[in-house]
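Enquirer: Once you've had a glance at the structure underneath, I'll fire off some questions.
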Amino acid sequence: MVGGLLSFLRQTLIEVGNLLGNLVPPRYFSWQTVIYLSLFSWLLSLLARLLDTTAFTIGLLATMSWIFLAIGVGWALEANKARIFGVPIAPWVSGAILCLFLFGSWGGRWLQPALVTWPLVSFAVIAVPTLVSWDFSFKNPPPVERQRLALLFCLSLLFSSWFQFYFRIQTWVRDYPSLVADSVENSAFVYRIPGQTVALPAGVTHLTVAEELLREQVDNKPWPSVERWLLNLDGQRQVMRQRVRSQTGRATPLENSLWQLDFQPMSNGDGYTLKLWAIWSGPAASPSGYYLEKTCLLMPVNRGGLVPENAPPGYSTTQWASLTCDLETPRLAGHPRGAGARG
């Protein structure tokens with residue numbers, strides 16, 4: 001019984017010793033040592049935080065931990081010849097760790113500056129050991145190495161520009177949703193996935209609000225008052241534009257100024273055909289721009305009131321206005337009042 005227990009303890013100690021032996025770096029100057037320095041610095045920063053030391057001490061230890069981690073991981077990947085399609089990934093991983101440290105502590109929207117600077121930081125990881133020696137003196141690399149660094153720097157700028165351009169497009173889409181609804185068939189850098197749902201432009205909302213306001217003004221109103229309302233078209237346009245802008249400005253405040261509301265009555269028998277237009281003055285796929293149109297029919301109707309028995313010939317009851325609008329809002333190229341009206 002005692003012999004079996006001693007044998008088990010001996011075997012356990014041997015396995016623990018082998019494990020510790022694997023954890024011990026083969027030499028002092030190795031990537032394992034740097035990783036341990038990163039872990040040691042992090043533990044010291046955690047201890048400093050628990051002991052309520054100065055913020056400078058905590059920040060310095062945390063900074064050293066991140067720097068050692070970036071160096072150790074990059075060194076380990078390069079020592080093990082980590083490649084993706086023949087491209088070394090060590091500098092890119094080290095650059096990502098440094099960007100995560102530099103911008104991750106900001107909070108909020110830190111991903112955008114981190115991704116934009118990532119290629120440049122990764123290039124610095126490659127260039128600094130080539131251009132600066134351990135005693136911080138500048139080195140003069142051979143022409144082939146300088147040519148390689150110049151090419152890598154240009155590629156880093158290109159990747160950084162691509163990231164920045166992506167975030168710029170996303171900002172435009174967020175601030176101007178109607179851009180998403182435009183045609184991207186001729187675009188060299190924007191592609192719409194087949195089957196993807198296309199959002200309606202904000203002009204549809206403008207027309208919907210304008211229809212509601214128009215109903216308040218003319219629907220189920222005496223026909224003579226409606227005709228008087230139509231006599232002051234310029235004033236009614238201004239009032240409707242202001243009310244539509246006040247009701248839709250909260251949803252798309254930046255885009256709101258690029259939509260212009262307009263309408264025009266046209267004679268149609270005893271009544272009128274009202275054309276409501278939401279005119280887009282922002283950037284568009286078509287050089288002449290586009291506008292959305294909603295057609296409404298404004299007609300006088302009789303309510304069938306009681307007619308007196310002794311009513312003279314030609315007597316008629318007061319007519320009332322009836323407004324009906326189409327659900328469709330077709331998209332048309334150009335400007336509803338002609339090419340010269342755009343802008």
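Starting from 1 in every chain, residues are counted up; chains themselves are A, B, ... following the order of the structure tokens, and ligands are numbered from 1 as listed.
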Just the residues within 7 Å of range 256-263 of chain A, please, counting only C-alpha atoms, with nothing from its chain fewer than 3 positions along; format it as number ranges by chain.
Expert: A: 203, 237, 241, 245, 249, 252-253, 274-282
Enquirer: Report the residues of range 75-258 of chain A whose backbone DSSP state falls under helix (DSSP H, G or I), written as a ChimeraX atom specification.
Expert: /A:75-79,90-104,111-131,143-175,177-179,202-218,223-231,233-248,256-258
Enquirer: Smallest atom-to-atom distance to Pro222 in chain A: which of A:Gly338, A:Pro300, A:Gly72, A:Gly235, using only C-alpha atoms?
Expert: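 Ranking A:Gly338, A:Pro300, A:Gly72, A:Gly235 by distance to Pro222 in chain A, first place goes to A:Pro300.
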Enquirer: Would you mind telling me which residue in A:Leu111, A:Cys296, A:Leu120, A:Leu131 lies nearest to Ser94 in chain A when using only C-alpha atoms?
Expert: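 Selected residue with least distance to Ser94 in chain A: A:Leu120.
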Enquirer: From a DSSP pass on the backbone, collect the residues of range 203-340 of chain A flagged as strand (DSSP E) and hand them back as a PyMOL selection string.
Expert: chain A and resi 259-268+271-280+290-302+319-325+331-333
Enquirer: Could you check which of A:Thr208, A:Phe136, A:Leu51, A:His335 is closest to Pro287 in chain A, using only C-alpha atoms?
Expert: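 Closest residue, counting only C-alpha atoms: A:His335.
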Enquirer: Ranking A:Trp118, A:Pro88, A:Ala284, A:Trp172 by minimum distance to Ser156 in chain A and counting only C-alpha atoms, which one comes first?
Expert: A:Trp118
Enquirer: Return the single residue from A:Leu60, A:Leu102, A:Ala127, A:Val173 that is closest to Glu145 in chain A, with distances computed using only C-alpha atoms.
Expert: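 Closest to Glu145 in chain A of all the choices is A:Ala127.
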